[in-house]
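**Q** Enclosed is the structure file input-v4.cif (mmCIF, C-alpha atoms).
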```cif
data_final
#
loop_
_atom_site.group_PDB
_atom_site.id
_atom_site.type_symbol
_atom_site.label_atom_id
_atom_site.label_comp_id
_atom_site.auth_asym_id
_atom_site.auth_seq_id
_atom_site.Cartn_x
_atom_site.Cartn_y
_atom_site.Cartn_z
ATOM 1 C CA MET A 1347 0.683 27.762 -4.864
ATOM 2 C CA THR A 1348 0.727 24.511 -6.769
ATOM 3 C CA VAL A 1349 3.459 22.034 -7.657
ATOM 4 C CA ARG A 1350 2.919 18.979 -9.815
ATOM 5 C CA VAL A 1351 5.203 16.170 -10.968
ATOM 6 C CA GLN A 1352 3.701 14.285 -13.879
ATOM 7 C CA SER A 1353 4.558 12.258 -16.979
ATOM 8 C CA ALA A 1354 1.845 13.907 -19.101
ATOM 9 C CA ASP A 1355 2.486 17.000 -21.170
ATOM 10 C CA PHE A 1356 0.967 20.323 -20.070
ATOM 11 C CA ASP A 1357 -0.941 23.072 -21.868
ATOM 12 C CA VAL A 1358 0.745 26.375 -21.065
ATOM 13 C CA ALA A 1359 -2.181 28.607 -22.040
ATOM 14 C CA GLY A 1360 -4.650 26.559 -20.041
ATOM 15 C CA GLU A 1361 -2.389 26.416 -16.980
ATOM 16 C CA ILE A 1362 -1.775 30.163 -16.993
ATOM 17 C CA ALA A 1363 -5.459 30.913 -17.518
ATOM 18 C CA ALA A 1364 -6.293 28.745 -14.501
ATOM 19 C CA LEU A 1365 -3.527 30.325 -12.391
ATOM 20 C CA ARG A 1366 -4.883 33.859 -12.783
ATOM 21 C CA ALA A 1367 -8.574 33.032 -13.210
ATOM 22 C CA GLY A 1368 -10.826 35.479 -11.399
ATOM 23 C CA ASP A 1369 -8.008 37.316 -9.628
ATOM 24 C CA ALA A 1370 -8.252 40.994 -10.578
ATOM 25 C CA ARG A 1371 -5.245 41.851 -8.394
ATOM 26 C CA VAL A 1372 -3.016 40.259 -11.042
ATOM 27 C CA GLY A 1373 -1.277 42.747 -13.298
ATOM 28 C CA ALA A 1374 1.630 40.588 -14.405
ATOM 29 C CA VAL A 1375 2.219 36.943 -15.283
ATOM 30 C CA ALA A 1376 5.746 35.692 -15.886
ATOM 31 C CA SER A 1377 6.401 32.174 -17.091
ATOM 32 C CA PHE A 1378 9.331 29.980 -18.042
ATOM 33 C CA ILE A 1379 9.173 26.799 -20.101
ATOM 34 C CA GLY A 1380 12.130 24.422 -20.268
ATOM 35 C CA THR A 1381 12.310 22.128 -23.292
ATOM 36 C CA VAL A 1382 14.430 19.200 -24.488
ATOM 37 C CA ARG A 1383 17.275 20.169 -26.842
ATOM 38 C CA ASP A 1384 18.591 17.792 -29.493
ATOM 39 C CA VAL A 1385 22.234 18.496 -28.650
ATOM 40 C CA ASN A 1386 24.040 18.421 -25.287
ATOM 41 C CA ASP A 1387 27.811 18.596 -24.790
ATOM 42 C CA ALA A 1388 28.317 18.298 -28.562
ATOM 43 C CA ALA A 1389 26.435 14.986 -28.825
ATOM 44 C CA ALA A 1390 23.119 14.435 -30.594
ATOM 45 C CA VAL A 1391 20.397 13.472 -28.111
ATOM 46 C CA SER A 1392 17.702 11.073 -29.336
ATOM 47 C CA THR A 1393 15.679 10.709 -26.131
ATOM 48 C CA MET A 1394 15.914 11.838 -22.525
ATOM 49 C CA THR A 1395 14.578 10.163 -19.393
ATOM 50 C CA LEU A 1396 13.816 12.225 -16.316
ATOM 51 C CA GLU A 1397 13.903 10.491 -12.959
ATOM 52 C CA HIS A 1398 12.968 11.936 -9.592
ATOM 53 C CA TYR A 1399 12.738 10.972 -5.928
ATOM 54 C CA PRO A 1400 9.014 10.654 -5.172
ATOM 55 C CA GLY A 1401 8.083 12.162 -1.842
ATOM 56 C CA MET A 1402 11.101 14.433 -1.642
ATOM 57 C CA THR A 1403 10.547 16.114 -5.000
ATOM 58 C CA GLU A 1404 7.205 17.620 -4.087
ATOM 59 C CA LYS A 1405 8.506 18.806 -0.714
ATOM 60 C CA ALA A 1406 11.537 20.414 -2.337
ATOM 61 C CA LEU A 1407 9.435 22.224 -4.943
ATOM 62 C CA GLU A 1408 6.984 23.424 -2.303
ATOM 63 C CA ALA A 1409 9.877 24.748 -0.215
ATOM 64 C CA ILE A 1410 11.279 26.624 -3.215
ATOM 65 C CA VAL A 1411 7.898 28.186 -3.993
ATOM 66 C CA ALA A 1412 7.448 29.143 -0.335
ATOM 67 C CA GLU A 1413 10.864 30.785 -0.373
ATOM 68 C CA ALA A 1414 9.908 32.743 -3.502
ATOM 69 C CA ARG A 1415 6.727 33.887 -1.819
ATOM 70 C CA ALA A 1416 8.719 35.081 1.203
ATOM 71 C CA ARG A 1417 11.195 37.016 -0.943
ATOM 72 C CA PHE A 1418 8.922 38.549 -3.559
ATOM 73 C CA ASP A 1419 5.525 40.196 -3.654
ATOM 74 C CA ILE A 1420 3.687 37.564 -5.667
ATOM 75 C CA LEU A 1421 0.072 36.426 -5.706
ATOM 76 C CA ASP A 1422 0.331 32.831 -6.888
ATOM 77 C CA ALA A 1423 2.806 30.400 -8.428
ATOM 78 C CA LEU A 1424 2.696 27.158 -10.357
ATOM 79 C CA VAL A 1425 5.439 24.614 -11.006
ATOM 80 C CA ILE A 1426 4.912 21.601 -13.261
ATOM 81 C CA HIS A 1427 7.834 19.245 -13.886
ATOM 82 C CA ARG A 1428 7.576 16.214 -16.130
ATOM 83 C CA VAL A 1429 9.229 12.847 -15.546
ATOM 84 C CA GLY A 1430 9.663 9.808 -17.776
ATOM 85 C CA THR A 1431 10.943 9.578 -21.325
ATOM 86 C CA LEU A 1432 10.894 12.752 -23.444
ATOM 87 C CA GLN A 1433 11.947 13.626 -26.991
ATOM 88 C CA PRO A 1434 13.731 16.720 -28.321
ATOM 89 C CA THR A 1435 11.339 19.710 -28.490
ATOM 90 C CA ASP A 1436 9.162 18.264 -25.687
ATOM 91 C CA GLN A 1437 8.277 20.518 -22.767
ATOM 92 C CA ILE A 1438 10.011 19.571 -19.482
ATOM 93 C CA VAL A 1439 9.106 22.216 -16.933
ATOM 94 C CA LEU A 1440 6.751 25.153 -16.477
ATOM 95 C CA VAL A 1441 7.124 27.875 -13.866
ATOM 96 C CA ALA A 1442 4.447 30.576 -13.842
ATOM 97 C CA VAL A 1443 4.082 33.411 -11.340
ATOM 98 C CA THR A 1444 1.419 36.078 -10.925
ATOM 99 C CA SER A 1445 1.961 39.439 -9.294
ATOM 100 C CA ALA A 1446 0.589 42.958 -9.320
ATOM 101 C CA HIS A 1447 3.655 44.230 -11.205
ATOM 102 C CA ARG A 1448 6.213 42.785 -13.585
ATOM 103 C CA GLY A 1449 9.303 43.170 -11.421
ATOM 104 C CA ASP A 1450 8.292 40.676 -8.760
ATOM 105 C CA ALA A 1451 6.802 38.338 -11.357
ATOM 106 C CA PHE A 1452 10.022 38.223 -13.416
ATOM 107 C CA ASP A 1453 12.272 37.931 -10.371
ATOM 108 C CA ALA A 1454 10.221 35.247 -8.626
ATOM 109 C CA CYS A 1455 9.953 33.196 -11.808
ATOM 110 C CA ARG A 1456 13.702 33.271 -12.306
ATOM 111 C CA PHE A 1457 14.355 32.568 -8.631
ATOM 112 C CA VAL A 1458 12.149 29.451 -8.667
ATOM 113 C CA MET A 1459 13.829 28.154 -11.809
ATOM 114 C CA ASP A 1460 17.367 28.812 -10.554
ATOM 115 C CA TYR A 1461 16.670 27.058 -7.253
ATOM 116 C CA LEU A 1462 14.844 24.185 -8.923
ATOM 117 C CA LYS A 1463 17.951 23.533 -11.022
ATOM 118 C CA THR A 1464 20.110 23.020 -7.930
ATOM 119 C CA ARG A 1465 17.726 21.780 -5.219
ATOM 120 C CA ALA A 1466 14.918 19.711 -6.686
ATOM 121 C CA PRO A 1467 15.765 15.992 -6.925
ATOM 122 C CA PHE A 1468 15.454 15.383 -10.659
ATOM 123 C CA TRP A 1469 18.029 13.658 -12.835
ATOM 124 C CA LYS A 1470 18.314 13.521 -16.626
ATOM 125 C CA LYS A 1471 19.631 10.517 -18.490
ATOM 126 C CA GLU A 1472 20.073 11.076 -22.202
ATOM 127 C CA VAL A 1473 20.502 8.634 -25.061
ATOM 128 C CA THR A 1474 23.101 9.556 -27.674
ATOM 129 C CA ALA A 1475 24.837 7.612 -30.451
ATOM 130 C CA ASP A 1476 27.348 6.480 -27.798
ATOM 131 C CA GLY A 1477 24.626 5.067 -25.540
ATOM 132 C CA ALA A 1478 22.825 6.285 -22.430
ATOM 133 C CA ARG A 1479 24.551 8.671 -20.023
ATOM 134 C CA TRP A 1480 23.592 10.624 -16.915
ATOM 135 C CA VAL A 1481 23.758 14.348 -17.529
ATOM 136 C CA ASP A 1482 26.391 16.110 -15.400
ATOM 137 C CA ALA A 1483 25.318 18.954 -13.170
ATOM 138 C CA ARG A 1484 26.434 22.336 -14.419
ATOM 139 C CA VAL A 1485 28.590 24.608 -12.325
ATOM 140 C CA SER A 1486 26.652 27.512 -13.871
ATOM 141 C CA ASP A 1487 23.470 26.269 -12.178
ATOM 142 C CA ASP A 1488 25.094 26.526 -8.756
ATOM 143 C CA ALA A 1489 26.365 29.956 -9.706
ATOM 144 C CA ALA A 1490 22.852 31.023 -10.691
ATOM 145 C CA ALA A 1491 21.423 29.901 -7.349
ATOM 146 C CA ALA A 1492 24.326 31.497 -5.491
ATOM 147 C CA TRP A 1493 23.538 34.792 -7.207
ATOM 148 C CA TRP A 1494 20.343 35.000 -5.183
ATOM 149 C CA GLU A 1495 22.218 34.386 -1.946
ATOM 150 C CA ARG A 1496 24.531 37.259 -2.754
ATOM 151 C CA ASP A 1497 21.518 39.381 -3.618
ATOM 152 C CA ALA A 1498 19.916 38.577 -0.264
ATOM 153 C CA GLN A 1499 23.059 39.585 1.619
ATOM 154 C CA GLY A 1500 24.066 42.760 -0.194
ATOM 155 C CA PRO A 1501 21.669 45.636 -0.856
ATOM 156 C CA GLU A 1502 23.853 47.138 -3.576
ATOM 157 C CA SER A 1503 23.972 44.102 -5.829
ATOM 158 C CA GLY A 1504 21.313 45.612 -8.021
ATOM 159 C CA GLN A 1505 18.595 44.261 -10.229
ATOM 160 C CA ALA A 1506 18.605 41.308 -12.545
ATOM 161 C CA THR A 1507 19.342 42.299 -16.104
ATOM 162 C CA MET B 849 31.290 6.608 27.509
ATOM 163 C CA PRO B 850 30.636 6.615 31.249
ATOM 164 C CA ASP B 851 27.629 8.924 30.984
ATOM 165 C CA SER B 852 25.766 6.810 28.470
ATOM 166 C CA ALA B 853 23.462 4.168 29.855
ATOM 167 C CA ALA B 854 21.969 3.372 26.447
ATOM 168 C CA SER B 855 22.732 -0.032 25.032
ATOM 169 C CA PRO B 856 26.039 0.395 23.233
ATOM 170 C CA GLN B 857 26.316 -0.589 19.593
ATOM 171 C CA ALA B 858 22.659 -1.549 19.223
ATOM 172 C CA ALA B 859 21.985 -1.704 15.502
ATOM 173 C CA VAL B 860 19.471 0.668 13.953
ATOM 174 C CA THR B 861 17.696 -0.621 10.873
ATOM 175 C CA LEU B 862 17.507 1.925 8.050
ATOM 176 C CA ARG B 863 16.013 1.952 4.585
ATOM 177 C CA LEU B 864 18.688 3.095 2.111
ATOM 178 C CA VAL B 865 17.729 4.509 -1.302
ATOM 179 C CA TYR B 866 20.172 4.924 -4.191
ATOM 180 C CA LEU B 867 19.105 7.325 -6.930
ATOM 181 C CA ALA B 868 19.987 7.898 -10.583
ATOM 182 C CA ARG B 869 23.685 7.364 -11.307
ATOM 183 C CA LEU B 870 24.276 5.816 -7.872
ATOM 184 C CA ARG B 871 21.580 3.189 -8.468
ATOM 185 C CA ASP B 872 23.269 2.226 -11.732
ATOM 186 C CA ALA B 873 26.710 2.179 -10.114
ATOM 187 C CA PHE B 874 25.648 0.053 -7.132
ATOM 188 C CA GLY B 875 23.361 -2.178 -9.172
ATOM 189 C CA THR B 876 20.471 -1.759 -6.724
ATOM 190 C CA SER B 877 17.810 0.847 -5.944
ATOM 191 C CA GLY B 878 18.205 0.349 -2.220
ATOM 192 C CA GLU B 879 18.563 -1.983 0.731
ATOM 193 C CA SER B 880 17.759 -2.515 4.355
ATOM 194 C CA PHE B 881 20.838 -1.692 6.421
ATOM 195 C CA ALA B 882 21.743 -2.263 10.071
ATOM 196 C CA ALA B 883 23.677 0.827 11.126
ATOM 197 C CA HIS B 884 25.969 0.817 14.147
ATOM 198 C CA GLY B 885 27.353 3.763 16.064
ATOM 199 C CA ASP B 886 26.716 5.515 19.303
ATOM 200 C CA PRO B 887 24.592 7.006 17.914
ATOM 201 C CA PRO B 888 24.660 6.256 14.175
ATOM 202 C CA THR B 889 24.852 9.399 12.022
ATOM 203 C CA VAL B 890 24.959 10.217 8.334
ATOM 204 C CA ALA B 891 28.751 10.369 8.680
ATOM 205 C CA THR B 892 29.107 6.939 10.312
ATOM 206 C CA LEU B 893 26.731 5.454 7.735
ATOM 207 C CA LEU B 894 28.786 6.894 4.878
ATOM 208 C CA ALA B 895 31.946 5.508 6.452
ATOM 209 C CA ALA B 896 30.378 2.062 6.775
ATOM 210 C CA LEU B 897 29.284 2.056 3.141
ATOM 211 C CA ARG B 898 32.674 3.310 1.905
ATOM 212 C CA ALA B 899 34.310 0.476 3.840
ATOM 213 C CA ARG B 900 32.728 -1.940 1.375
ATOM 214 C CA GLY B 901 35.401 -0.732 -1.041
ATOM 215 C CA GLY B 902 35.295 -0.766 -4.830
ATOM 216 C CA VAL B 903 32.514 1.268 -6.378
ATOM 217 C CA TRP B 904 31.177 2.158 -2.897
ATOM 218 C CA SER B 905 34.316 3.962 -1.770
ATOM 219 C CA GLU B 906 34.626 5.481 -5.234
ATOM 220 C CA GLU B 907 31.085 6.830 -5.597
ATOM 221 C CA LEU B 908 30.690 7.925 -1.964
ATOM 222 C CA GLY B 909 34.215 9.283 -1.623
ATOM 223 C CA PRO B 910 34.993 12.857 -0.623
ATOM 224 C CA ALA B 911 35.688 13.802 -4.242
ATOM 225 C CA ARG B 912 32.067 13.117 -5.199
ATOM 226 C CA ALA B 913 29.331 15.652 -4.614
ATOM 227 C CA VAL B 914 26.810 13.183 -3.196
ATOM 228 C CA ARG B 915 24.129 14.623 -0.930
ATOM 229 C CA VAL B 916 22.196 12.706 1.693
ATOM 230 C CA ALA B 917 18.499 13.107 2.477
ATOM 231 C CA VAL B 918 16.950 11.703 5.654
ATOM 232 C CA ASN B 919 13.186 11.222 5.427
ATOM 233 C CA HIS B 920 13.053 13.448 2.320
ATOM 234 C CA GLU B 921 15.027 16.355 3.804
ATOM 235 C CA LEU B 922 18.659 17.131 2.937
ATOM 236 C CA ALA B 923 20.706 16.244 5.998
ATOM 237 C CA PRO B 924 24.226 17.266 7.093
ATOM 238 C CA ALA B 925 26.864 14.711 8.129
ATOM 239 C CA GLY B 926 26.117 15.037 11.839
ATOM 240 C CA THR B 927 22.445 14.100 11.540
ATOM 241 C CA VAL B 928 21.548 11.317 13.978
ATOM 242 C CA LEU B 929 19.748 8.347 12.422
ATOM 243 C CA ALA B 930 16.847 6.507 14.024
ATOM 244 C CA ALA B 931 15.247 3.148 13.339
ATOM 245 C CA GLY B 932 13.037 3.235 10.273
ATOM 246 C CA ASP B 933 14.631 6.336 8.737
ATOM 247 C CA GLU B 934 14.740 6.486 4.948
ATOM 248 C CA VAL B 935 18.222 7.597 3.952
ATOM 249 C CA ALA B 936 18.680 8.528 0.296
ATOM 250 C CA PHE B 937 21.888 9.183 -1.604
ATOM 251 C CA LEU B 938 21.523 11.861 -4.295
ATOM 252 C CA PRO B 939 23.981 12.693 -7.060
ATOM 253 C CA PRO B 940 24.016 16.362 -8.145
ATOM 254 C CA VAL B 941 20.578 17.173 -9.523
ATOM 255 C CA THR B 942 20.022 17.967 -13.203
ATOM 256 C CA GLY B 943 16.320 18.757 -13.596
ATOM 257 C CA GLY B 944 14.628 21.723 -15.176
#
```
Could you write out this structure as structure tokens?
**A**
Amino acid sequence: MTVRVQSADFDVAGEIAALRAGDARVGAVASFIGTVRDVNDAAAVSTMTLEHYPGMTEKALEAIVAEARARFDILDALVIHRVGTLQPTDQIVLVAVTSAHRGDAFDACRFVMDYLKTRAPFWKKEVTADGARWVDARVSDDAAAAWWERDAQGPESGQAT
Amino acid sequence: MPDSAASPQAAVTLRLVYLARLRDAFGTSGESFAAHGDPPTVATLLAALRARGGVWSEELGPARAVRVAVNHELAPAGTVLAAGDEVAFLPPVTGG
């Protein structure tokens, strides 16, 4: 289980190869890559700066990964989140999970991402034609994280679709 | 309180950290702060900061979804604060 916060870009193929290297138990790798869009809330975005809270960020990500490991049958997980100034099309975040089977890999990957969106102390500030502005948190992110709480409490809530 | 022999109203020195939008709004990334209370808690600290008025009462008011972390862990309002604690004020997060 690895979490990294860094300004440098990351190589997805190399990271995934390292994550599953030599582990023949792995039958499934699920990954998610978040990237910078050029439009947010109907405004053109020229650059975006990602800030975090050093010290807390790593602890929060490690707690999220530990929670994923407790909930799902996974073998390993990797989270890389970039900070600093990024441009549209740049990679922001990578979550990769290995498991024996696809179900746990998909679910754990989505779980980590949904919780990261609401619990990890990162903030985006974007530059548009109107100047710099802090991005507002989305209600849908809280709803996505809450979905997992409902899932944990009710056995009949079914599978992710 | 009759059952408390501890020195009343002794100030506890905290390190306050303001992040992202709050840093911009307050014009500072943090400060050293002498917190009072018997004992001082996250709630009494918030009240003391709001009492500064202006942008402080606005940004830390009940309508704002500001979270507080004590020593890098999210902390509820009743959390008791001790000397040397790092208390951070976090706007809603927007990473990923």
**Q** Nearest to chain B among A:Leu1424, A:Val1473, A:Val1441, A:Ala1451, with distances taken over all atoms listed in the file: which residue is it?
**A** A:Val1441
**Q** Per residue of chain A within 6 Å of chain B, note the shortest atom pair and the distance in Å to one decimal, counting only C-alpha atoms, and order the rows by chain and increasing residue number, as JSON lines.
**A**
```
{"residue": "A:Met1402", "atom": "CA", "partner": "B:His920", "partner_atom": "CA", "distance": 4.5}
{"residue": "A:Val1439", "atom": "CA", "partner": "B:Gly944", "partner_atom": "CA", "distance": 5.8}
{"residue": "A:Lys1463", "atom": "CA", "partner": "B:Gly944", "partner_atom": "CA", "distance": 5.6}
{"residue": "A:Pro1467", "atom": "CA", "partner": "B:Val941", "partner_atom": "CA", "distance": 5.6}
{"residue": "A:Phe1468", "atom": "CA", "partner": "B:Gly943", "partner_atom": "CA", "distance": 4.6}
{"residue": "A:Trp1469", "atom": "CA", "partner": "B:Thr942", "partner_atom": "CA", "distance": 4.8}
{"residue": "A:Lys1470", "atom": "CA", "partner": "B:Thr942", "partner_atom": "CA", "distance": 5.9}
{"residue": "A:Ala1483", "atom": "CA", "partner": "B:Thr942", "partner_atom": "CA", "distance": 5.4}
```
**Q** Have a look at CA of Thr1381 (chain A) and CA of Ala1412 (chain A) and let me know their distance in Å, one decimal.
**A**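 We find that CA of Thr1381 (chain A) and CA of Ala1412 (chain A) lie 24.5 Å from each other.
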**Q** Which of these, A:Asn1386, A:Cys1455, A:Leu1440, A:Lys1405, has the shortest distance to Glu1361 (chain A) once you count all atoms listed in the file?
**A** A:Leu1440
**Q** For Tyr1461 (chain A), work out the shell of residues within 10 Å, counting only C-alpha atoms and skipping chain neighbours fewer than 5 positions away, then give it as a ChimeraX atom specification.
**A** /A:1406-1407,1410-1411,1413-1414,1456,1466,1487-1488,1490-1492,1494 /B:944
**Q** Those residues you just picked out, can you put them in a file as a short mmCIF file (atom, residue, chain, number, x, y, z; two decimals), in the coordinates of the input with C-alpha atoms?
**A**
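Once everything was written out, this is again.cif:
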```cif
data_model
loop_
_atom_site.label_atom_id
_atom_site.label_comp_id
_atom_site.auth_asym_id
_atom_site.auth_seq_id
_atom_site.Cartn_x
_atom_site.Cartn_y
_atom_site.Cartn_z
CA ALA A 1406 11.54 20.41 -2.34
CA LEU A 1407 9.44 22.22 -4.94
CA ILE A 1410 11.28 26.62 -3.22
CA VAL A 1411 7.90 28.19 -3.99
CA GLU A 1413 10.86 30.78 -0.37
CA ALA A 1414 9.91 32.74 -3.50
CA ARG A 1456 13.70 33.27 -12.31
CA ALA A 1466 14.92 19.71 -6.69
CA ASP A 1487 23.47 26.27 -12.18
CA ASP A 1488 25.09 26.53 -8.76
CA ALA A 1490 22.85 31.02 -10.69
CA ALA A 1491 21.42 29.90 -7.35
CA ALA A 1492 24.33 31.50 -5.49
CA TRP A 1494 20.34 35.00 -5.18
CA GLY B 944 14.63 21.72 -15.18
#
```
**Q** Please indicate the distance in Å from CA of Ser1353 (chain A) to CA of Tyr1399 (chain A), rounded to one decimal place.
**A**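 The value is 13.8 Å.
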**Q** Considering only C-alpha atoms, state which residue in the set B:Ala858, B:Arg871, B:Ala882, B:Phe937 is at the smallest distance from Ala913 (chain B).
**A** B:Phe937
**Q** Please list as an MDAnalysis selection string every residue within 7 Å of Lys1471 (chain A), counting only C-alpha atoms and excluding residues in the same chain fewer than 3 positions away.
**A** chainID A and resid 1394:1396 1478:1481
**Q** Please define a box with edges along x, y and z of the file around all atoms of region 881-898 of chain B given in the file, extend it by 3 Å on each side, and return its centre and edge lengths in Å to one decimal, as AutoDock Vina command-line options.
**A**
```
--center_x 26.8 --center_y 4.1 --center_z 10.6 --size_x 17.8 --size_y 18.6 --size_z 23.4
```
**Q** Which residues match the PyMOL selection byres ((chain A and resi 1444) around 6) in the file above, as a list in words?
**A** Ala1374, Val1375, Ile1420, Leu1421, Asp1422, Val1443, Ser1445 and Ala1451 of chain A
**Q** Given the file shown, determine the residues that the PyMOL selection byres ((chain A and resi 1351) around 10) selects; report them as a PDB file with C-alpha atoms, in the frame of the given file.
**A**
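Once written, expr.pdb looks like this:
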```pdb
ATOM      1  CA  VAL A1349       3.459  22.034  -7.657  1.00  0.00           C
ATOM      2  CA  ARG A1350       2.919  18.979  -9.815  1.00  0.00           C
ATOM      3  CA  GLN A1352       3.701  14.285 -13.879  1.00  0.00           C
ATOM      4  CA  SER A1353       4.558  12.258 -16.979  1.00  0.00           C
ATOM      5  CA  ALA A1354       1.845  13.907 -19.101  1.00  0.00           C
ATOM      6  CA  HIS A1398      12.968  11.936  -9.592  1.00  0.00           C
ATOM      7  CA  PRO A1400       9.014  10.654  -5.172  1.00  0.00           C
ATOM      8  CA  THR A1403      10.547  16.114  -5.000  1.00  0.00           C
ATOM      9  CA  GLU A1404       7.205  17.620  -4.087  1.00  0.00           C
ATOM     10  CA  LEU A1407       9.435  22.224  -4.943  1.00  0.00           C
ATOM     11  CA  VAL A1425       5.439  24.614 -11.006  1.00  0.00           C
ATOM     12  CA  ILE A1426       4.912  21.601 -13.261  1.00  0.00           C
ATOM     13  CA  HIS A1427       7.834  19.245 -13.886  1.00  0.00           C
ATOM     14  CA  ARG A1428       7.576  16.214 -16.130  1.00  0.00           C
ATOM     15  CA  VAL A1429       9.229  12.847 -15.546  1.00  0.00           C
ATOM     16  CA  VAL A1439       9.106  22.216 -16.933  1.00  0.00           C
TER      17      VAL A1439
END
```
**Q** Using all atoms listed in the file, find the one residue out of B:Ala930, B:Ser905, B:Arg915, B:Val935 that sits nearest to Pro888 (chain B).
**A**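 Going through B:Ala930, B:Ser905, B:Arg915, B:Val935 one by one, the smallest distance to Pro888 (chain B) is for B:Ala930.
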**Q** Running the PyMOL selection byres ((chain A and resi 1393) around 7) on this model by hand, what would come out? Give it as an MDAnalysis selection string.
**A** chainID A and resid 1391:1392 1394:1395 1431:1434 1472:1473
**Q** If we count all atoms listed in the file, what is near region 925-927 of chain B at a cut-off of 9 Å, once residues fewer than 2 positions away on the same chain are taken out, given as a PyMOL selection string?
**A** chain B and resi 888-892+894+916+918+923+929
**Q** Tell me, in Å to one decimal, how far CA of Val1485 (chain A) is from CA of Gly901 (chain B).
**A**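 CA of Gly901 (chain B) lies 28.6 Å from CA of Val1485 (chain A).
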**Q** Once you count all atoms listed in the file, which residues end up no further than 9 Å from (11.4, 4.5, 10.0) in the file's frame, shown as a list in words?
**A**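 The residues that fall inside the cut-off are Thr861, Leu862, Arg863, Asn919, Ala930, Ala931, Gly932, Asp933 and Glu934 of chain B.
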